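What follows is one structure encoded as C-alpha cells, with my remarks underneath.
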Amino acid sequence: PEALYDAAIRLWHDSGLTRPWNDPEADLRRAASGSASVVLAAVGDDGCLLATAMVGHDGHRGWVYYLAVDSAARGRGLGRRMMEACETWVHSRGVPKIQLMVRSTNQAVVGFYEHLGYVEADVVTLGRRLDGQTA
C-alpha cells in the first residue's frame, strides 16, 4: 500500500541502495503501477516495514532491485524469504531466469546471494541515461 512508500524509501536509503542519480520514489511508483513488476514487502505485526524487494521481468529475464531488510530485523531469514518470493513471482509468469546486480565493492551482499545459489555471470553491464542525468 502507498502508506508504506515513505518507509520503503527510507529503508533503501538506510541500506545504502540509493544513489543521487536515481529517484527511488519514481522507481517505486513505476514498479508498483507496472504490469510486469511489483514491489514486495514484509510487514511486522505492528505494521512496520521489515523488508522490501522490487521485482520485474522483460519476458526473458526477471530482475530484482531494492532488496533490503531493516537492520533490526536482519539475521532472521527475511532476505532469503524475500528472494524466494521474487523467484516465485518470476517463475509464476513463465520467465526462465532471474538475475540482479550487486556493486562489486559490496562483497558481503555478493556472499549472501552466492549462499542462495546465485553465480556471477560473465557479462559486462552497459548503460546509457535517457533522462539527461550524467551519472
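Residues are referred to by chain and number: the chain letter is A, B, ... according to the order shown in the C-alpha cells, the number counts from 1 in that chain, and ligands are numbered separately from 1 in the order shown.
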
Q: Identify, on the basis of only C-alpha atoms, every residue whose closest approach to Gly47 (chain A) does not exceed 12 Å; exclude the query and any residue fewer than 2 positions from it along the same chain; express the result as a ChimeraX atom specification.
A: /A:1,3-4,7,41-45,49-51

Q.
List as number ranges by chain the protein and nucleic acid residues near Thr52 (chain A), meaning an atom at most 10 Å away when only C-alpha atoms are counted, but skip any in the same chain fewer than 6 places from it.
A. A: 7-9, 11-12, 39-43, 65-70, 78-79, 82-83

Residues of region 18-48 of chain A that have any atom at most 12 Å from an atom of region 95-109 of chain A: could you tabulate them with the shortest-distance atom pair and the distance in Å to one decimal, using only C-alpha atoms, ordered by chain and increasing number, as CSV?
```
residue,atom,partner,partner_atom,distance
A:Thr18,CA,A:Arg103,CA,11.8
A:Arg19,CA,A:Arg103,CA,11.8
A:Ala36,CA,A:Val95,CA,11.0
```

Could you save those same residues with C-alpha atoms as a tab-separated table (two decimals), in the first residue's frame?
```tsv
chain	number	residue	atom	x	y	z
A	18	THR	CA	20.08	4.63	-3.38
A	19	ARG	CA	22.28	6.85	-5.49
A	36	ALA	CA	5.42	-6.58	-15.43
```

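You can rank A:Cys86, A:Leu116, A:Cys48, A:Ala121 by their closest distance to Ala73 (chain A) using only C-alpha atoms, and at the top of that list sits A:Cys48.
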
Q) Within 8 Å of Gly56 (chain A), counting only C-alpha atoms, which residues qualify if same-chain residues fewer than 4 places away don't, as a PyMOL selection string? A) chain A and resi 31+36-38+62-64+90

Q | DSSP alpha helix (DSSP H) residues within chain A, as number ranges by chain | A | A: 5-14, 24-33, 78-91, 107-115

Shell around Asp23 (chain A) at 12 Å using only C-alpha atoms, local window under 3 positions removed, as a PDB file with all heavy atoms, in the first residue's frame:
```pdb
ATOM      1  N   ILE A   9      11.286   3.850   0.986  1.00  0.00           N
ATOM      2  CA  ILE A   9      12.352   4.738   0.517  1.00  0.00           C
ATOM      3  C   ILE A   9      13.362   4.988   1.631  1.00  0.00           C
ATOM      4  O   ILE A   9      14.576   4.975   1.406  1.00  0.00           O
ATOM      5  CB  ILE A   9      11.756   6.043  -0.036  1.00  0.00           C
ATOM      6  CG1 ILE A   9      10.952   5.721  -1.302  1.00  0.00           C
ATOM      7  CG2 ILE A   9      12.846   7.071  -0.308  1.00  0.00           C
ATOM      8  CD1 ILE A   9      10.031   6.836  -1.757  1.00  0.00           C
ATOM      9  N   TRP A  12      15.535   1.924   1.919  1.00  0.00           N
ATOM     10  CA  TRP A  12      16.506   1.859   0.830  1.00  0.00           C
ATOM     11  C   TRP A  12      17.665   2.816   1.072  1.00  0.00           C
ATOM     12  O   TRP A  12      18.818   2.470   0.819  1.00  0.00           O
ATOM     13  CB  TRP A  12      15.835   2.134  -0.497  1.00  0.00           C
ATOM     14  CG  TRP A  12      14.763   1.142  -0.849  1.00  0.00           C
ATOM     15  CD1 TRP A  12      14.555  -0.093  -0.272  1.00  0.00           C
ATOM     16  CD2 TRP A  12      13.750   1.289  -1.813  1.00  0.00           C
ATOM     17  NE1 TRP A  12      13.475  -0.704  -0.851  1.00  0.00           N
ATOM     18  CE2 TRP A  12      12.957   0.121  -1.802  1.00  0.00           C
ATOM     19  CE3 TRP A  12      13.413   2.304  -2.704  1.00  0.00           C
ATOM     20  CZ2 TRP A  12      11.871  -0.070  -2.640  1.00  0.00           C
ATOM     21  CZ3 TRP A  12      12.327   2.124  -3.544  1.00  0.00           C
ATOM     22  CH2 TRP A  12      11.571   0.943  -3.520  1.00  0.00           C
ATOM     23  N   HIS A  13      17.345   4.011   1.561  1.00  0.00           N
ATOM     24  CA  HIS A  13      18.417   4.965   1.905  1.00  0.00           C
ATOM     25  C   HIS A  13      19.284   4.397   3.021  1.00  0.00           C
ATOM     26  O   HIS A  13      20.513   4.395   2.931  1.00  0.00           O
ATOM     27  CB  HIS A  13      17.833   6.311   2.340  1.00  0.00           C
ATOM     28  CG  HIS A  13      17.398   7.194   1.229  1.00  0.00           C
ATOM     29  ND1 HIS A  13      18.249   7.699   0.271  1.00  0.00           N
ATOM     30  CD2 HIS A  13      16.170   7.687   0.919  1.00  0.00           C
ATOM     31  CE1 HIS A  13      17.572   8.447  -0.573  1.00  0.00           C
ATOM     32  NE2 HIS A  13      16.307   8.449  -0.208  1.00  0.00           N
ATOM     33  N   LEU A  17      21.179   1.594  -0.697  1.00  0.00           N
ATOM     34  CA  LEU A  17      20.799   1.164  -2.046  1.00  0.00           C
ATOM     35  C   LEU A  17      20.542   2.312  -3.009  1.00  0.00           C
ATOM     36  O   LEU A  17      20.436   2.087  -4.213  1.00  0.00           O
ATOM     37  CB  LEU A  17      19.548   0.278  -1.980  1.00  0.00           C
ATOM     38  CG  LEU A  17      19.707  -1.037  -1.228  1.00  0.00           C
ATOM     39  CD1 LEU A  17      18.371  -1.768  -1.174  1.00  0.00           C
ATOM     40  CD2 LEU A  17      20.773  -1.898  -1.876  1.00  0.00           C
ATOM     41  N   THR A  18      20.414   3.509  -2.511  1.00  0.00           N
ATOM     42  CA  THR A  18      20.081   4.629  -3.376  1.00  0.00           C
ATOM     43  C   THR A  18      21.346   5.353  -3.837  1.00  0.00           C
ATOM     44  O   THR A  18      22.392   5.273  -3.202  1.00  0.00           O
ATOM     45  CB  THR A  18      19.152   5.620  -2.663  1.00  0.00           C
ATOM     46  OG1 THR A  18      19.811   6.108  -1.489  1.00  0.00           O
ATOM     47  CG2 THR A  18      17.839   4.956  -2.278  1.00  0.00           C
ATOM     48  N   ARG A  19      21.212   6.029  -4.946  1.00  0.00           N
ATOM     49  CA  ARG A  19      22.278   6.845  -5.493  1.00  0.00           C
ATOM     50  C   ARG A  19      21.671   8.178  -5.899  1.00  0.00           C
ATOM     51  O   ARG A  19      20.489   8.231  -6.294  1.00  0.00           O
ATOM     52  CB  ARG A  19      22.925   6.170  -6.723  1.00  0.00           C
ATOM     53  CG  ARG A  19      23.695   4.904  -6.383  1.00  0.00           C
ATOM     54  CD  ARG A  19      24.887   5.236  -5.481  1.00  0.00           C
ATOM     55  NE  ARG A  19      25.698   4.115  -5.107  1.00  0.00           N
ATOM     56  CZ  ARG A  19      25.580   3.455  -3.955  1.00  0.00           C
ATOM     57  NH1 ARG A  19      24.645   3.773  -3.099  1.00  0.00           N
ATOM     58  NH2 ARG A  19      26.407   2.469  -3.665  1.00  0.00           N
ATOM     59  N   PRO A  20      22.451   9.252  -5.852  1.00  0.00           N
ATOM     60  CA  PRO A  20      21.889  10.577  -6.159  1.00  0.00           C
ATOM     61  C   PRO A  20      21.253  10.672  -7.538  1.00  0.00           C
ATOM     62  O   PRO A  20      20.314  11.436  -7.748  1.00  0.00           O
ATOM     63  CB  PRO A  20      23.105  11.510  -6.064  1.00  0.00           C
ATOM     64  CG  PRO A  20      24.097  10.791  -5.237  1.00  0.00           C
ATOM     65  CD  PRO A  20      23.862   9.324  -5.460  1.00  0.00           C
ATOM     66  N   ALA A  26      10.364   7.509  -7.745  1.00  0.00           N
ATOM     67  CA  ALA A  26       9.931   7.267  -9.127  1.00  0.00           C
ATOM     68  C   ALA A  26      10.076   5.790  -9.478  1.00  0.00           C
ATOM     69  O   ALA A  26       9.193   5.206 -10.124  1.00  0.00           O
ATOM     70  CB  ALA A  26      10.734   8.142 -10.096  1.00  0.00           C
ATOM     71  N   ASP A  27      11.188   5.170  -9.042  1.00  0.00           N
ATOM     72  CA  ASP A  27      11.382   3.734  -9.278  1.00  0.00           C
ATOM     73  C   ASP A  27      10.246   2.934  -8.649  1.00  0.00           C
ATOM     74  O   ASP A  27       9.675   2.043  -9.275  1.00  0.00           O
ATOM     75  CB  ASP A  27      12.709   3.260  -8.696  1.00  0.00           C
ATOM     76  CG  ASP A  27      13.918   3.803  -9.432  1.00  0.00           C
ATOM     77  OD1 ASP A  27      13.763   4.323 -10.556  1.00  0.00           O
ATOM     78  OD2 ASP A  27      15.029   3.702  -8.873  1.00  0.00           O
ATOM     79  N   LEU A  28       9.923   3.257  -7.416  1.00  0.00           N
ATOM     80  CA  LEU A  28       8.878   2.541  -6.685  1.00  0.00           C
ATOM     81  C   LEU A  28       7.524   2.701  -7.373  1.00  0.00           C
ATOM     82  O   LEU A  28       6.804   1.728  -7.596  1.00  0.00           O
ATOM     83  CB  LEU A  28       8.818   3.053  -5.239  1.00  0.00           C
ATOM     84  CG  LEU A  28       7.934   2.277  -4.282  1.00  0.00           C
ATOM     85  CD1 LEU A  28       8.471   2.417  -2.860  1.00  0.00           C
ATOM     86  CD2 LEU A  28       6.513   2.750  -4.319  1.00  0.00           C
ATOM     87  N   ARG A  29       7.183   3.920  -7.728  1.00  0.00           N
ATOM     88  CA  ARG A  29       5.880   4.167  -8.364  1.00  0.00           C
ATOM     89  C   ARG A  29       5.779   3.489  -9.734  1.00  0.00           C
ATOM     90  O   ARG A  29       4.733   2.941 -10.081  1.00  0.00           O
ATOM     91  CB  ARG A  29       5.610   5.658  -8.463  1.00  0.00           C
ATOM     92  CG  ARG A  29       5.349   6.277  -7.099  1.00  0.00           C
ATOM     93  CD  ARG A  29       4.893   7.726  -7.174  1.00  0.00           C
ATOM     94  NE  ARG A  29       4.708   8.254  -5.838  1.00  0.00           N
ATOM     95  CZ  ARG A  29       3.651   8.017  -5.062  1.00  0.00           C
ATOM     96  NH1 ARG A  29       2.676   7.243  -5.510  1.00  0.00           N
ATOM     97  NH2 ARG A  29       3.551   8.539  -3.851  1.00  0.00           N
ATOM     98  N   ARG A  30       6.871   3.492 -10.500  1.00  0.00           N
ATOM     99  CA  ARG A  30       6.853   2.793 -11.801  1.00  0.00           C
ATOM    100  C   ARG A  30       6.631   1.298 -11.594  1.00  0.00           C
ATOM    101  O   ARG A  30       5.830   0.676 -12.289  1.00  0.00           O
ATOM    102  CB  ARG A  30       8.170   3.020 -12.550  1.00  0.00           C
ATOM    103  CG  ARG A  30       8.165   4.168 -13.515  1.00  0.00           C
ATOM    104  CD  ARG A  30       9.387   4.168 -14.426  1.00  0.00           C
ATOM    105  NE  ARG A  30      10.647   4.146 -13.702  1.00  0.00           N
ATOM    106  CZ  ARG A  30      11.267   5.224 -13.226  1.00  0.00           C
ATOM    107  NH1 ARG A  30      10.741   6.412 -13.398  1.00  0.00           N
ATOM    108  NH2 ARG A  30      12.405   5.107 -12.590  1.00  0.00           N
ATOM    109  N   ASP A 131      17.463  10.320 -19.376  1.00  0.00           N
ATOM    110  CA  ASP A 131      16.741  11.381 -18.672  1.00  0.00           C
ATOM    111  C   ASP A 131      17.578  12.646 -18.461  1.00  0.00           C
ATOM    112  O   ASP A 131      17.215  13.505 -17.670  1.00  0.00           O
ATOM    113  CB  ASP A 131      16.250  10.863 -17.324  1.00  0.00           C
ATOM    114  CG  ASP A 131      17.371  10.373 -16.422  1.00  0.00           C
ATOM    115  OD1 ASP A 131      18.548  10.509 -16.798  1.00  0.00           O
ATOM    116  OD2 ASP A 131      17.059   9.848 -15.334  1.00  0.00           O
ATOM    117  N   GLN A 133      20.458  12.931 -17.022  1.00  0.00           N
ATOM    118  CA  GLN A 133      21.411  12.825 -15.940  1.00  0.00           C
ATOM    119  C   GLN A 133      22.756  12.381 -16.505  1.00  0.00           C
ATOM    120  O   GLN A 133      22.822  11.734 -17.546  1.00  0.00           O
ATOM    121  CB  GLN A 133      20.939  11.802 -14.895  1.00  0.00           C
ATOM    122  CG  GLN A 133      19.637  12.164 -14.219  1.00  0.00           C
ATOM    123  CD  GLN A 133      19.805  13.318 -13.250  1.00  0.00           C
ATOM    124  OE1 GLN A 133      20.799  13.419 -12.561  1.00  0.00           O
ATOM    125  NE2 GLN A 133      18.798  14.181 -13.205  1.00  0.00           N
TER     126      GLN A 133
END
```

Q: Have a look at CA of Val110 (chain A) and CA of Ser92 (chain A) and let me know their distance in Å, one decimal.
A: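 These two atoms are separated by 25.6 Å.
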
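Those residues of chain A that DSSP, working from the backbone, places in strand (DSSP E) are Ser37, Val38, Val39, Leu40, Ala41, Ala42, Val43, Leu49, Leu50, Ala51, Thr52, Ala53, Met54, Val55, Gly56, His57, Arg61, Gly62, Trp63, Val64, Tyr65, Tyr66, Leu67, Ala68, Val69, Lys97, Ile98, Gln99 and Leu100 of chain A.
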
Could you please take those selected residues and save N, CA and C atoms as a PDB file, in the first residue's frame?
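Heads up, here's the output in part_9.pdb:
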```
ATOM      1  N   SER A  37       5.853  -5.759 -13.178  1.00  0.00           N
ATOM      2  CA  SER A  37       6.687  -5.526 -11.999  1.00  0.00           C
ATOM      3  C   SER A  37       5.808  -5.370 -10.757  1.00  0.00           C
ATOM      4  N   VAL A  38       6.482  -5.508  -9.605  1.00  0.00           N
ATOM      5  CA  VAL A  38       5.781  -5.383  -8.329  1.00  0.00           C
ATOM      6  C   VAL A  38       6.822  -5.042  -7.263  1.00  0.00           C
ATOM      7  N   VAL A  39       6.374  -4.440  -6.192  1.00  0.00           N
ATOM      8  CA  VAL A  39       7.228  -4.233  -5.027  1.00  0.00           C
ATOM      9  C   VAL A  39       6.657  -5.100  -3.913  1.00  0.00           C
ATOM     10  N   LEU A  40       7.456  -6.048  -3.451  1.00  0.00           N
ATOM     11  CA  LEU A  40       7.047  -6.956  -2.385  1.00  0.00           C
ATOM     12  C   LEU A  40       7.490  -6.381  -1.043  1.00  0.00           C
ATOM     13  N   ALA A  41       6.738  -6.664   0.000  1.00  0.00           N
ATOM     14  CA  ALA A  41       7.073  -6.137   1.323  1.00  0.00           C
ATOM     15  C   ALA A  41       6.802  -7.179   2.390  1.00  0.00           C
ATOM     16  N   ALA A  42       7.639  -7.159   3.416  1.00  0.00           N
ATOM     17  CA  ALA A  42       7.385  -7.928   4.631  1.00  0.00           C
ATOM     18  C   ALA A  42       7.068  -6.900   5.712  1.00  0.00           C
ATOM     19  N   VAL A  43       5.927  -7.078   6.344  1.00  0.00           N
ATOM     20  CA  VAL A  43       5.453  -6.124   7.335  1.00  0.00           C
ATOM     21  C   VAL A  43       5.279  -6.854   8.658  1.00  0.00           C
ATOM     22  N   LEU A  49       7.375  -1.684   8.353  1.00  0.00           N
ATOM     23  CA  LEU A  49       8.021  -2.329   7.217  1.00  0.00           C
ATOM     24  C   LEU A  49       9.324  -2.983   7.656  1.00  0.00           C
ATOM     25  N   LEU A  50       9.474  -4.265   7.361  1.00  0.00           N
ATOM     26  CA  LEU A  50      10.680  -5.012   7.731  1.00  0.00           C
ATOM     27  C   LEU A  50      11.611  -5.254   6.550  1.00  0.00           C
ATOM     28  N   ALA A  51      11.040  -5.443   5.354  1.00  0.00           N
ATOM     29  CA  ALA A  51      11.861  -5.765   4.190  1.00  0.00           C
ATOM     30  C   ALA A  51      11.095  -5.443   2.916  1.00  0.00           C
ATOM     31  N   THR A  52      11.861  -5.219   1.855  1.00  0.00           N
ATOM     32  CA  THR A  52      11.272  -4.972   0.539  1.00  0.00           C
ATOM     33  C   THR A  52      12.088  -5.685  -0.532  1.00  0.00           C
ATOM     34  N   ALA A  53      11.472  -5.858  -1.663  1.00  0.00           N
ATOM     35  CA  ALA A  53      12.160  -6.282  -2.881  1.00  0.00           C
ATOM     36  C   ALA A  53      11.315  -5.824  -4.056  1.00  0.00           C
ATOM     37  N   MET A  54      11.955  -5.224  -5.027  1.00  0.00           N
ATOM     38  CA  MET A  54      11.294  -4.837  -6.263  1.00  0.00           C
ATOM     39  C   MET A  54      11.665  -5.896  -7.296  1.00  0.00           C
ATOM     40  N   VAL A  55      10.672  -6.415  -7.986  1.00  0.00           N
ATOM     41  CA  VAL A  55      10.930  -7.462  -8.972  1.00  0.00           C
ATOM     42  C   VAL A  55      10.099  -7.194 -10.218  1.00  0.00           C
ATOM     43  N   GLY A  56      10.697  -7.487 -11.348  1.00  0.00           N
ATOM     44  CA  GLY A  56      10.014  -7.313 -12.611  1.00  0.00           C
ATOM     45  C   GLY A  56      10.624  -8.231 -13.651  1.00  0.00           C
ATOM     46  N   HIS A  57      10.089  -8.191 -14.864  1.00  0.00           N
ATOM     47  CA  HIS A  57      10.640  -9.043 -15.921  1.00  0.00           C
ATOM     48  C   HIS A  57      10.426  -8.403 -17.278  1.00  0.00           C
ATOM     49  N   ARG A  61      14.002 -12.450 -18.787  1.00  0.00           N
ATOM     50  CA  ARG A  61      14.716 -12.446 -17.511  1.00  0.00           C
ATOM     51  C   ARG A  61      13.917 -11.673 -16.473  1.00  0.00           C
ATOM     52  N   GLY A  62      13.938 -12.217 -15.270  1.00  0.00           N
ATOM     53  CA  GLY A  62      13.429 -11.461 -14.142  1.00  0.00           C
ATOM     54  C   GLY A  62      14.573 -10.677 -13.535  1.00  0.00           C
ATOM     55  N   TRP A  63      14.266  -9.533 -12.958  1.00  0.00           N
ATOM     56  CA  TRP A  63      15.269  -8.681 -12.330  1.00  0.00           C
ATOM     57  C   TRP A  63      14.816  -8.327 -10.923  1.00  0.00           C
ATOM     58  N   VAL A  64      15.746  -8.334  -9.996  1.00  0.00           N
ATOM     59  CA  VAL A  64      15.460  -7.959  -8.609  1.00  0.00           C
ATOM     60  C   VAL A  64      16.237  -6.690  -8.290  1.00  0.00           C
ATOM     61  N   TYR A  65      15.549  -5.758  -7.670  1.00  0.00           N
ATOM     62  CA  TYR A  65      16.140  -4.489  -7.240  1.00  0.00           C
ATOM     63  C   TYR A  65      15.658  -4.193  -5.825  1.00  0.00           C
ATOM     64  N   TYR A  66      16.384  -3.341  -5.149  1.00  0.00           N
ATOM     65  CA  TYR A  66      15.964  -2.794  -3.855  1.00  0.00           C
ATOM     66  C   TYR A  66      15.592  -3.878  -2.834  1.00  0.00           C
ATOM     67  N   LEU A  67      16.312  -5.006  -2.836  1.00  0.00           N
ATOM     68  CA  LEU A  67      16.119  -5.965  -1.753  1.00  0.00           C
ATOM     69  C   LEU A  67      16.784  -5.370  -0.518  1.00  0.00           C
ATOM     70  N   ALA A  68      16.004  -5.139   0.512  1.00  0.00           N
ATOM     71  CA  ALA A  68      16.525  -4.529   1.731  1.00  0.00           C
ATOM     72  C   ALA A  68      15.783  -5.093   2.930  1.00  0.00           C
ATOM     73  N   VAL A  69      16.528  -5.303   4.009  1.00  0.00           N
ATOM     74  CA  VAL A  69      15.950  -5.753   5.273  1.00  0.00           C
ATOM     75  C   VAL A  69      16.339  -4.736   6.332  1.00  0.00           C
ATOM     76  N   LYS A  97      14.483 -17.154 -16.112  1.00  0.00           N
ATOM     77  CA  LYS A  97      15.733 -16.775 -15.445  1.00  0.00           C
ATOM     78  C   LYS A  97      15.491 -15.555 -14.567  1.00  0.00           C
ATOM     79  N   ILE A  98      16.224 -15.493 -13.460  1.00  0.00           N
ATOM     80  CA  ILE A  98      16.164 -14.318 -12.592  1.00  0.00           C
ATOM     81  C   ILE A  98      17.590 -13.864 -12.310  1.00  0.00           C
ATOM     82  N   GLN A  99      17.781 -12.588 -12.261  1.00  0.00           N
ATOM     83  CA  GLN A  99      19.115 -12.057 -12.003  1.00  0.00           C
ATOM     84  C   GLN A  99      19.012 -10.719 -11.285  1.00  0.00           C
ATOM     85  N   LEU A 100      20.161 -10.247 -10.865  1.00  0.00           N
ATOM     86  CA  LEU A 100      20.243  -8.984 -10.148  1.00  0.00           C
ATOM     87  C   LEU A 100      21.639  -8.433 -10.298  1.00  0.00           C
TER      88      LEU A 100
END
```

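If you measure from each of A:Gly16, A:Gly94, A:Gly132, A:Gly34 to Ser71 (chain A) using only C-alpha atoms, the closest one turns out to be A:Gly16.
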